[in-house]
file input.cif (mmCIF, C-alpha atoms and all ligand atoms)
data_upload
loop_
_atom_site.group_PDB
_atom_site.id
_atom_site.type_symbol
_atom_site.label_atom_id
_atom_site.label_comp_id
_atom_site.auth_asym_id
_atom_site.auth_seq_id
_atom_site.Cartn_x
_atom_site.Cartn_y
_atom_site.Cartn_z
ATOM 1 C CA MET W 717 0.000 0.000 0.000
ATOM 2 C CA LYS W 718 1.283 3.445 -0.892
ATOM 3 C CA VAL W 719 1.231 6.012 1.890
ATOM 4 C CA SER W 720 1.799 9.669 1.093
ATOM 5 C CA VAL W 721 2.458 12.121 3.899
ATOM 6 C CA LEU W 722 2.332 15.907 3.686
ATOM 7 C CA ARG W 723 5.468 16.737 5.607
ATOM 8 C CA ARG W 724 6.979 19.936 6.902
ATOM 9 C CA LYS W 725 10.337 20.092 8.645
ATOM 10 C CA GLU W 726 9.612 23.200 10.706
ATOM 11 C CA PRO W 727 6.702 25.659 11.068
ATOM 12 C CA ASP W 728 8.134 28.237 8.632
ATOM 13 C CA LYS W 729 9.341 25.726 6.021
ATOM 14 C CA GLU W 730 7.357 24.768 2.906
ATOM 15 C CA PRO W 731 5.312 21.552 3.064
ATOM 16 C CA TYR W 732 6.169 18.712 0.661
ATOM 17 C CA TRP W 733 4.788 15.266 -0.123
ATOM 18 C CA GLU W 734 6.789 12.144 0.617
ATOM 19 C CA SER W 735 5.571 8.591 -0.108
ATOM 20 C CA PHE W 736 6.283 5.264 1.538
ATOM 21 C CA SER W 737 5.478 1.618 0.779
ATOM 22 C CA TYR W 738 3.625 -0.069 3.608
ATOM 23 C CA ASP W 739 3.840 -3.864 3.776
ATOM 24 C CA GLY W 740 2.709 -4.322 7.387
ATOM 25 C CA PRO W 741 -0.436 -5.964 8.771
ATOM 26 C CA GLU W 742 -3.644 -5.203 6.879
ATOM 27 C CA GLU W 743 -5.664 -5.063 10.092
ATOM 28 C CA ASN W 744 -3.616 -2.119 11.344
ATOM 29 C CA THR W 745 -4.882 1.362 12.034
ATOM 30 C CA VAL W 746 -3.304 4.461 10.522
ATOM 31 C CA ALA W 747 -1.575 5.012 13.885
ATOM 32 C CA GLY W 748 -0.220 1.466 13.706
ATOM 33 C CA LEU W 749 0.946 2.095 10.150
ATOM 34 C CA LEU W 750 2.870 5.205 11.219
ATOM 35 C CA ASP W 751 4.425 3.258 14.076
ATOM 36 C CA TYR W 752 5.392 0.500 11.644
ATOM 37 C CA ILE W 753 7.099 2.887 9.209
ATOM 38 C CA ASN W 754 8.878 4.757 12.016
ATOM 39 C CA TYR W 755 10.012 1.615 13.825
ATOM 40 C CA ASN W 756 12.948 0.771 11.573
ATOM 41 C CA ASP W 757 16.454 2.029 12.284
ATOM 42 C CA ASP W 758 16.585 3.415 8.747
ATOM 43 C CA ILE W 759 13.472 5.096 7.377
ATOM 44 C CA ILE W 760 13.301 4.560 3.609
ATOM 45 C CA ASN W 761 10.823 6.288 1.316
ATOM 46 C CA ASP W 762 9.283 4.697 -1.784
ATOM 47 C CA LYS W 763 12.142 5.977 -3.953
ATOM 48 C CA GLY W 764 14.563 3.952 -1.838
ATOM 49 C CA GLU W 765 16.008 7.075 -0.248
ATOM 50 C CA LYS W 766 16.874 7.352 3.410
ATOM 51 C CA THR W 767 14.678 9.895 5.155
ATOM 52 C CA THR W 768 13.624 11.049 8.617
ATOM 53 C CA ARG W 769 10.944 9.590 10.910
ATOM 54 C CA ILE W 770 7.432 10.878 10.305
ATOM 55 C CA GLY W 771 6.408 13.324 13.028
ATOM 56 C CA TRP W 772 3.015 12.642 14.589
ATOM 57 C CA GLU W 773 1.548 12.537 18.070
ATOM 58 C CA CYS W 774 -0.138 9.831 20.088
ATOM 59 C CA SER W 775 -0.569 8.844 23.670
ATOM 60 C CA CYS W 776 -3.380 6.412 24.377
ATOM 61 C CA MET W 777 -3.717 4.568 21.032
ATOM 62 C CA GLN W 778 -7.348 3.903 21.942
ATOM 63 C CA GLY W 779 -9.341 7.013 21.046
ATOM 64 C CA MET W 780 -9.063 8.627 24.462
ATOM 65 C CA CYS W 781 -6.529 11.454 24.239
ATOM 66 C CA GLY W 782 -7.160 13.135 20.868
ATOM 67 C CA ALA W 783 -3.444 13.598 20.147
ATOM 68 C CA CYS W 784 -3.490 11.642 16.878
ATOM 69 C CA ALA W 785 -6.145 13.771 15.122
ATOM 70 C CA MET W 786 -5.156 14.230 11.458
ATOM 71 C CA ILE W 787 -6.613 14.129 7.941
ATOM 72 C CA VAL W 788 -6.646 10.698 6.324
ATOM 73 C CA ASN W 789 -7.760 10.620 2.681
ATOM 74 C CA ASP W 790 -9.378 14.034 3.200
ATOM 75 C CA ARG W 791 -11.304 12.809 6.267
ATOM 76 C CA PRO W 792 -10.533 14.342 9.699
ATOM 77 C CA VAL W 793 -10.149 11.355 12.035
ATOM 78 C CA LEU W 794 -8.314 9.991 15.037
ATOM 79 C CA ALA W 795 -5.521 7.944 13.433
ATOM 80 C CA CYS W 796 -5.712 5.281 16.137
ATOM 81 C CA GLU W 797 -9.361 4.665 15.245
ATOM 82 C CA ALA W 798 -8.969 4.755 11.446
ATOM 83 C CA PHE W 799 -8.567 1.184 10.155
ATOM 84 C CA LEU W 800 -6.699 0.489 6.918
ATOM 85 C CA LYS W 801 -9.388 -1.993 5.834
ATOM 86 C CA ASP W 802 -11.746 0.979 5.484
ATOM 87 C CA PHE W 803 -9.406 2.399 2.829
ATOM 88 C CA GLU W 804 -8.896 -0.896 0.986
ATOM 89 C CA GLY W 805 -7.066 -0.661 -2.330
ATOM 90 C CA GLN W 806 -6.581 3.050 -2.018
ATOM 91 C CA GLU W 807 -3.485 5.087 -1.542
ATOM 92 C CA ILE W 808 -3.456 6.527 1.950
ATOM 93 C CA THR W 809 -2.800 10.252 2.192
ATOM 94 C CA LEU W 810 -1.992 11.812 5.552
ATOM 95 C CA LYS W 811 -2.161 15.534 6.206
ATOM 96 C CA PRO W 812 -2.037 17.610 9.409
ATOM 97 C CA LEU W 813 -5.236 19.329 10.576
ATOM 98 C CA SER W 814 -5.545 22.514 8.557
ATOM 99 C CA ARG W 815 -7.049 24.852 11.155
ATOM 100 C CA PHE W 816 -4.061 24.848 13.482
ATOM 101 C CA PRO W 817 -0.437 25.946 13.002
ATOM 102 C CA VAL W 818 1.758 23.047 11.881
ATOM 103 C CA ILE W 819 4.743 22.374 14.133
ATOM 104 C CA HIS W 820 6.276 19.424 12.285
ATOM 105 C CA ASP W 821 4.852 16.925 9.743
ATOM 106 C CA LEU W 822 1.491 15.783 11.214
ATOM 107 C CA ILE W 823 1.934 17.573 14.547
ATOM 108 C CA VAL W 824 -0.126 20.740 15.010
ATOM 109 C CA ASP W 825 -0.382 23.299 17.790
ATOM 110 C CA ARG W 826 -3.850 23.037 19.350
ATOM 111 C CA SER W 827 -2.962 25.099 22.404
ATOM 112 C CA GLY W 828 -5.357 27.810 21.132
ATOM 113 C CA ILE W 829 -8.281 25.651 22.314
ATOM 114 C CA HIS W 830 -6.971 25.743 25.877
ATOM 115 C CA GLU W 831 -5.894 29.393 25.655
ATOM 116 C CA SER W 832 -9.438 30.470 24.703
ATOM 117 C CA LEU W 833 -10.780 28.661 27.779
ATOM 118 C CA LYS W 834 -8.136 30.182 30.073
ATOM 119 C CA GLU W 835 -8.606 33.707 28.728
ATOM 120 C CA ASN W 836 -12.346 33.551 29.408
ATOM 121 C CA ASN W 837 -12.106 31.899 32.836
ATOM 122 C CA VAL W 838 -13.872 28.812 31.544
ATOM 123 C CA TYR W 839 -12.593 26.538 34.275
ATOM 124 C CA ILE W 840 -14.523 25.132 37.144
ATOM 125 C CA GLY W 841 -13.073 26.745 40.253
ATOM 126 C CA GLU W 842 -15.245 25.863 43.219
ATOM 127 C CA TYR W 843 -17.703 23.033 42.657
ATOM 128 C CA ARG W 844 -21.169 24.566 43.147
ATOM 129 C CA PRO W 845 -23.659 22.662 41.022
ATOM 130 C CA PRO W 846 -27.393 23.380 40.942
ATOM 131 C CA GLU W 847 -29.580 20.883 42.805
ATOM 132 C CA ASP W 848 -31.158 19.563 39.612
ATOM 133 C CA LYS W 849 -27.801 18.864 37.959
ATOM 134 C CA ASP W 850 -27.934 16.788 34.773
ATOM 135 C CA PHE W 851 -25.240 14.222 35.434
ATOM 136 C CA GLU W 852 -25.743 12.424 32.130
ATOM 137 C CA GLN W 853 -25.140 15.532 30.013
ATOM 138 C CA ASP W 854 -22.244 16.517 32.272
ATOM 139 C CA TYR W 855 -20.635 13.151 31.831
ATOM 140 C CA THR W 856 -21.005 13.279 28.043
ATOM 141 C CA SER W 857 -19.647 16.832 27.788
ATOM 142 C CA ALA W 858 -16.681 16.020 30.014
ATOM 143 C CA LYS W 859 -15.460 13.514 27.440
ATOM 144 C CA CYS W 860 -14.157 16.260 25.121
ATOM 145 C CA LEU W 861 -10.598 15.415 24.034
ATOM 146 C CA LYS W 862 -9.807 18.869 22.631
ATOM 147 C CA CYS W 863 -8.757 16.940 19.539
ATOM 148 C CA GLY W 864 -9.908 19.713 17.179
ATOM 149 C CA LEU W 865 -11.717 17.470 14.669
ATOM 150 C CA CYS W 866 -14.910 19.526 15.116
ATOM 151 C CA ILE W 867 -12.952 22.718 14.450
ATOM 152 C CA GLU W 868 -11.512 21.164 11.287
ATOM 153 C CA VAL W 869 -15.005 20.719 9.790
ATOM 154 C CA CYS W 870 -16.655 23.865 11.167
ATOM 155 C CA PRO W 871 -17.756 26.220 8.332
ATOM 156 C CA ARG W 872 -17.633 29.262 10.641
ATOM 157 C CA TYR W 873 -14.216 28.787 12.186
ATOM 158 C CA THR W 874 -11.540 31.053 10.707
ATOM 159 C CA ASP W 875 -8.511 32.047 12.763
ATOM 160 C CA GLY W 876 -9.782 31.250 16.269
ATOM 161 C CA ARG W 877 -9.610 34.881 17.409
ATOM 162 C CA LYS W 878 -13.317 35.562 17.868
ATOM 163 C CA PHE W 879 -15.198 32.327 17.274
ATOM 164 C CA TYR W 880 -13.782 29.424 19.234
ATOM 165 C CA GLY W 881 -15.951 26.535 18.064
ATOM 166 C CA ALA W 882 -17.523 23.519 19.717
ATOM 167 C CA PRO W 883 -14.943 22.653 22.419
ATOM 168 C CA PHE W 884 -15.352 26.147 23.871
ATOM 169 C CA ALA W 885 -19.178 25.993 23.867
ATOM 170 C CA ASN W 886 -19.109 22.548 25.350
ATOM 171 C CA ASP W 887 -16.834 23.570 28.219
ATOM 172 C CA CYS W 888 -18.939 26.700 28.815
ATOM 173 C CA TYR W 889 -21.883 24.430 29.555
ATOM 174 C CA LEU W 890 -19.758 22.115 31.680
ATOM 175 C CA VAL W 891 -18.324 24.892 33.848
ATOM 176 C CA ALA W 892 -21.660 26.698 34.235
ATOM 177 C CA SER W 893 -23.246 23.421 35.233
ATOM 178 C CA ARG W 894 -20.599 22.633 37.833
ATOM 179 C CA ASN W 895 -20.307 26.102 39.279
ATOM 180 C CA ARG W 896 -23.593 27.977 39.135
ATOM 181 C CA GLU W 897 -21.936 31.131 40.482
ATOM 182 C CA LYS W 898 -19.816 31.398 37.345
ATOM 183 C CA SER W 899 -22.686 30.960 34.926
ATOM 184 C CA GLY W 900 -23.213 34.725 34.344
ATOM 185 C CA GLU W 901 -19.596 35.312 33.370
ATOM 186 C CA ILE W 902 -19.500 32.121 31.334
ATOM 187 C CA SER W 903 -22.697 33.041 29.485
ATOM 188 C CA GLU W 904 -21.176 36.308 28.323
ATOM 189 C CA ALA W 905 -18.111 34.542 26.960
ATOM 190 C CA TYR W 906 -20.305 31.921 25.303
ATOM 191 C CA ASP W 907 -22.451 34.593 23.616
ATOM 192 C CA GLU W 908 -19.424 36.514 22.387
ATOM 193 C CA HIS W 909 -17.226 33.651 21.273
ATOM 194 C CA PHE W 910 -19.714 31.039 20.136
ATOM 195 C CA LYS W 911 -23.427 31.833 19.990
ATOM 196 C CA SER W 912 -23.122 35.022 17.951
ATOM 197 C CA GLU W 913 -21.264 33.201 15.161
ATOM 198 C CA CYS W 914 -22.493 29.602 15.170
ATOM 199 C CA ALA W 915 -24.402 28.706 11.985
ATOM 200 C CA TYR W 916 -25.870 25.516 13.521
ATOM 201 C CA ASP W 917 -24.366 23.483 10.707
ATOM 202 C CA LEU W 918 -23.711 20.743 13.301
ATOM 203 C CA ALA W 919 -20.889 19.143 11.318
ATOM 204 C CA CYS W 920 -19.114 19.209 14.687
ATOM 205 C CA MET W 921 -21.561 16.734 16.199
ATOM 206 C CA LYS W 922 -21.294 14.346 13.263
ATOM 207 C CA ILE W 923 -17.505 14.164 13.402
ATOM 208 C CA CYS W 924 -16.996 14.105 17.178
ATOM 209 C CA PRO W 925 -15.306 10.792 18.135
ATOM 210 C CA MET W 926 -16.749 11.025 21.641
ATOM 211 C CA GLY W 927 -20.340 11.467 20.474
ATOM 212 C CA ILE W 928 -20.745 14.781 22.290
ATOM 213 C CA LYS W 929 -24.170 16.274 21.673
ATOM 214 C CA LEU W 930 -23.325 19.943 21.411
ATOM 215 C CA THR W 931 -26.952 20.952 20.842
ATOM 216 C CA ALA W 932 -27.870 19.378 24.200
ATOM 217 C CA SER W 933 -25.074 21.350 25.910
ATOM 218 C CA MET W 934 -26.301 24.557 24.218
ATOM 219 C CA LYS W 935 -29.876 23.919 25.304
ATOM 220 C CA LYS W 936 -28.833 23.162 28.887
ATOM 221 C CA LEU W 937 -26.669 26.285 29.017
ATOM 222 C CA ASN W 938 -29.614 28.382 27.825
ATOM 223 C CA THR W 939 -31.738 26.884 30.590
ATOM 224 C CA LEU W 940 -29.063 27.717 33.185
ATOM 225 C CA LYS W 941 -28.921 31.266 31.796
ATOM 226 C CA ARG W 942 -32.679 31.674 32.179
ATOM 227 C CA GLU W 943 -32.574 30.348 35.715
ATOM 228 C CA THR W 944 -29.842 32.793 36.702
ATOM 229 C CA GLY W 945 -31.607 35.723 35.025
ATOM 230 C CA GLU W 946 -29.302 35.944 31.984
ATOM 231 C CA ASN W 947 -30.794 36.393 28.533
ATOM 232 C CA SER W 948 -31.088 33.107 26.641
HETATM 233 S S1 LIG Q 1001 -16.132 18.289 20.830
HETATM 234 FE FE1 LIG Q 1001 -15.549 16.218 20.021
HETATM 235 S S2 LIG Q 1001 -14.508 16.666 18.061
HETATM 236 FE FE2 LIG Q 1001 -14.563 18.588 19.227
HETATM 237 S S3 LIG Q 1001 -12.624 18.705 20.343
HETATM 238 FE FE3 LIG Q 1001 -14.118 17.728 21.737
HETATM 239 S S4 LIG Q 1001 -13.911 15.514 21.360
HETATM 240 FE FE4 LIG Q 1001 -12.882 16.537 19.639
HETATM 241 S S1 LIG Q 1002 -3.553 8.194 20.328
HETATM 242 FE FE1 LIG Q 1002 -5.031 8.908 21.781
HETATM 243 S S2 LIG Q 1002 -6.799 9.284 20.542
HETATM 244 FE FE2 LIG Q 1002 -5.387 8.373 19.159
#
call {"tool": "encode", "arguments": {"input": "input.cif", "output": "structure tokens", "more": "lines below"}}
Ligand code: SF4
Ligand code: FES
result
Amino acid sequence: MKVSVLRRKEPDKEPYWESFSYDGPEENTVAGLLDYINYNDDIINDKGEKTTRIGWECSCMQGMCGACAMIVNDRPVLACEAFLKDFEGQEITLKPLSRFPVIHDLIVDRSGIHESLKENNVYIGEYRPPEDKDFEQDYTSAKCLKCGLCIEVCPRYTDGRKFYGAPFANDCYLVASRNREKSGEISEAYDEHFKSECAYDLACMKICPMGIKLTASMKKLNTLKRETGENS
């Protein structure tokens, strides 16, 4: 199987394609394939030339950390959950997520997701939930990996300066739900950095590997806002 990777040595260097021949197990995932290619002492491309190891990130290898998010055959996926059998007979193309600055090869800088949360005080602080807390929705929302796949497919996301996308909205609900006293402040940030721009395309929900129902978080946050006297 031919595997082509859009590589980049450093952030300010030009990207270039490099191809490899993969002869490893067919039942592998894309993450397993990258491991297989990188495992050898000498990394050889499909022209027989010696090259460098392919840069990519992983931690859990079981869809739980979000580090391996990348674009496989034009589909944003978690590489450790993308099986080669689903791309049978095709060339595999691997590209870094396009909405984040590229650091090296398939590694991108997603720190902007966390920075937007920090800048807007979207963190829990003291645990002060309302009495009628929705544990099920809380549990679902708390699964967010900050992998950025939803941002990759969002039609409204541009440079991340004003509109922060689904992970931000999701955490706004989570924090407001766990600390009622912060819900006023959180609502303002949510309105400014999510609600005012969201086109309700919901591509984010379809792609989310954790099955997070953003619309449910939005609805619950609106209910919390009404209960605390904020506009919904
Ligand atoms: S909402 Fe889903 S797709 Fe978006 S960052 Fe969180 S886990 Fe990833
Ligand atoms: S390595 Fe953790 S989600 Fe893929």
call {"tool": "residues_around", "arguments": {"input": "input.cif", "residues": "segment 802-816 of chain W", "least_positions_apart": "6", "cutoff": "10 Å", "atoms": "all atoms listed in the file", "output": "PyMOL selection string"}}
result
chain W and resi 717-724+733-738+742-743+745-746+750+772+784-793+795+822-829+863-865+867-870+873-876
call {"tool": "write_last_selection", "arguments": {"input": "input.cif", "atoms": "C-alpha atoms", "output": "short mmCIF file (atom, residue, chain, number, x, y, z; two decimals), in the frame of the given file"}}
result
data_model
loop_
_atom_site.label_atom_id
_atom_site.label_comp_id
_atom_site.auth_asym_id
_atom_site.auth_seq_id
_atom_site.Cartn_x
_atom_site.Cartn_y
_atom_site.Cartn_z
CA MET W 717 0.00 0.00 0.00
CA LYS W 718 1.28 3.44 -0.89
CA VAL W 719 1.23 6.01 1.89
CA SER W 720 1.80 9.67 1.09
CA VAL W 721 2.46 12.12 3.90
CA LEU W 722 2.33 15.91 3.69
CA ARG W 723 5.47 16.74 5.61
CA ARG W 724 6.98 19.94 6.90
CA TRP W 733 4.79 15.27 -0.12
CA GLU W 734 6.79 12.14 0.62
CA SER W 735 5.57 8.59 -0.11
CA PHE W 736 6.28 5.26 1.54
CA SER W 737 5.48 1.62 0.78
CA TYR W 738 3.62 -0.07 3.61
CA GLU W 742 -3.64 -5.20 6.88
CA GLU W 743 -5.66 -5.06 10.09
CA THR W 745 -4.88 1.36 12.03
CA VAL W 746 -3.30 4.46 10.52
CA LEU W 750 2.87 5.20 11.22
CA TRP W 772 3.02 12.64 14.59
CA CYS W 784 -3.49 11.64 16.88
CA ALA W 785 -6.14 13.77 15.12
CA MET W 786 -5.16 14.23 11.46
CA ILE W 787 -6.61 14.13 7.94
CA VAL W 788 -6.65 10.70 6.32
CA ASN W 789 -7.76 10.62 2.68
CA ASP W 790 -9.38 14.03 3.20
CA ARG W 791 -11.30 12.81 6.27
CA PRO W 792 -10.53 14.34 9.70
CA VAL W 793 -10.15 11.36 12.04
CA ALA W 795 -5.52 7.94 13.43
CA LEU W 822 1.49 15.78 11.21
CA ILE W 823 1.93 17.57 14.55
CA VAL W 824 -0.13 20.74 15.01
CA ASP W 825 -0.38 23.30 17.79
CA ARG W 826 -3.85 23.04 19.35
CA SER W 827 -2.96 25.10 22.40
CA GLY W 828 -5.36 27.81 21.13
CA ILE W 829 -8.28 25.65 22.31
CA CYS W 863 -8.76 16.94 19.54
CA GLY W 864 -9.91 19.71 17.18
CA LEU W 865 -11.72 17.47 14.67
CA ILE W 867 -12.95 22.72 14.45
CA GLU W 868 -11.51 21.16 11.29
CA VAL W 869 -15.00 20.72 9.79
CA CYS W 870 -16.66 23.86 11.17
CA TYR W 873 -14.22 28.79 12.19
CA THR W 874 -11.54 31.05 10.71
CA ASP W 875 -8.51 32.05 12.76
CA GLY W 876 -9.78 31.25 16.27
#
call {"tool": "residues_near_ligand", "arguments": {"input": "input.cif", "ligand": "ligand LIG 1002 (chain Q)", "cutoff": "6 Å", "atoms": "all atoms listed in the file", "output": "number ranges by chain"}}
result
W: 774-784, 794-796
call {"tool": "resolve_selection", "arguments": {"input": "input.cif", "expression": "the PyMOL selection byres (((not hetatm)) within 9 of (chain Q and resi 1001))", "output": "number ranges by chain"}}
result
W: 780-782, 785, 829, 857-868, 881-886, 920-930
call {"tool": "closest_residue", "arguments": {"input": "input.cif", "among": "W:Lys911, W:Arg894, W:Lys878, W:Lys729", "to": "Glu835 of chain W", "atoms": "all atoms listed in the file"}}
result
W:Lys878
call {"tool": "closest_residue", "arguments": {"input": "input.cif", "among": "W:Glu908, W:Glu773, W:Glu847, W:Asp758", "to": "Asn895 of chain W", "atoms": "all atoms listed in the file"}}
result
W:Glu847
call {"tool": "atom_distance", "arguments": {"input": "input.cif", "atom1": "atom CA of Tyr839 of chain W", "atom2": "atom CA of Asp887 of chain W"}}
result
8.0 Å
